[in-house]
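Enquirer: Questions regarding the structure given below will be posed in turn.
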Amino acid sequence: MMEFIKDLWNFIMSRKKWWLVPIILLLIILGVLIVIGGGSAIAPFIYTLF
């Protein structure tokens, strides 16, 4: 997993693809919300965001 992150970071740095950073961060945040909201007590509050 760490190697993938290093490769992704090196790709962004070498190719100057800075527009990928917000997209990746958004996908990570949505993934965390899905994992947290799957079976926890705060799930109803997360579902109201969407």
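Residues in the structure tokens are named by chain (A, B, ... in the order shown) and by number from 1 within that chain; ligands are numbered from 1 in the order shown.
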List as a PyMOL selection string the protein and nucleic acid residues near Val21 (chain A), meaning an atom at most 12 Å away when only C-alpha atoms are counted, but skip any in the same chain fewer than 5 places from it.
Expert: chain A and resi 8-9+11-13+16+26-28
Enquirer: Could you pull the residues within 12 Å of Leu33 (chain A), counting only C-alpha atoms, minus those fewer than 2 positions along the same chain, as a PyMOL selection string?
Expert: chain A and resi 26-31+35-40+42-47+49-50
Enquirer: Write the residues of the preceding selection, restricted to C-alpha atoms, as an mmCIF file, in the first residue's frame.
Expert:
data_model
loop_
_atom_site.group_PDB
_atom_site.id
_atom_site.type_symbol
_atom_site.label_atom_id
_atom_site.label_comp_id
_atom_site.auth_asym_id
_atom_site.auth_seq_id
_atom_site.Cartn_x
_atom_site.Cartn_y
_atom_site.Cartn_z
ATOM 1 C CA LEU A 26 -12.491 13.632 -2.018
ATOM 2 C CA LEU A 27 -12.493 9.912 -2.795
ATOM 3 C CA ILE A 28 -10.649 9.171 0.447
ATOM 4 C CA ILE A 29 -13.112 11.253 2.481
ATOM 5 C CA LEU A 30 -16.114 9.584 0.850
ATOM 6 C CA GLY A 31 -14.592 6.159 1.448
ATOM 7 C CA VAL A 35 -16.877 2.779 6.156
ATOM 8 C CA ILE A 36 -17.824 4.728 9.292
ATOM 9 C CA GLY A 37 -21.468 5.073 8.335
ATOM 10 C CA GLY A 38 -21.939 1.428 7.470
ATOM 11 C CA GLY A 39 -22.636 0.092 10.905
ATOM 12 C CA SER A 40 -22.286 2.804 13.470
ATOM 13 C CA ILE A 42 -23.824 8.039 13.490
ATOM 14 C CA ALA A 43 -25.069 6.476 10.248
ATOM 15 C CA PRO A 44 -28.382 8.417 10.205
ATOM 16 C CA PHE A 45 -26.469 11.689 10.478
ATOM 17 C CA ILE A 46 -24.138 10.775 7.609
ATOM 18 C CA TYR A 47 -27.067 9.741 5.405
ATOM 19 C CA LEU A 49 -25.616 14.738 4.224
ATOM 20 C CA PHE A 50 -26.494 13.022 0.970
#
Enquirer: When DSSP is applied to the backbone of this structure, which of chain A are assigned alpha helix (DSSP H)? Write them out as an NGL selection string.
Expert: :A and (2-15 or 20-38 or 43-47)
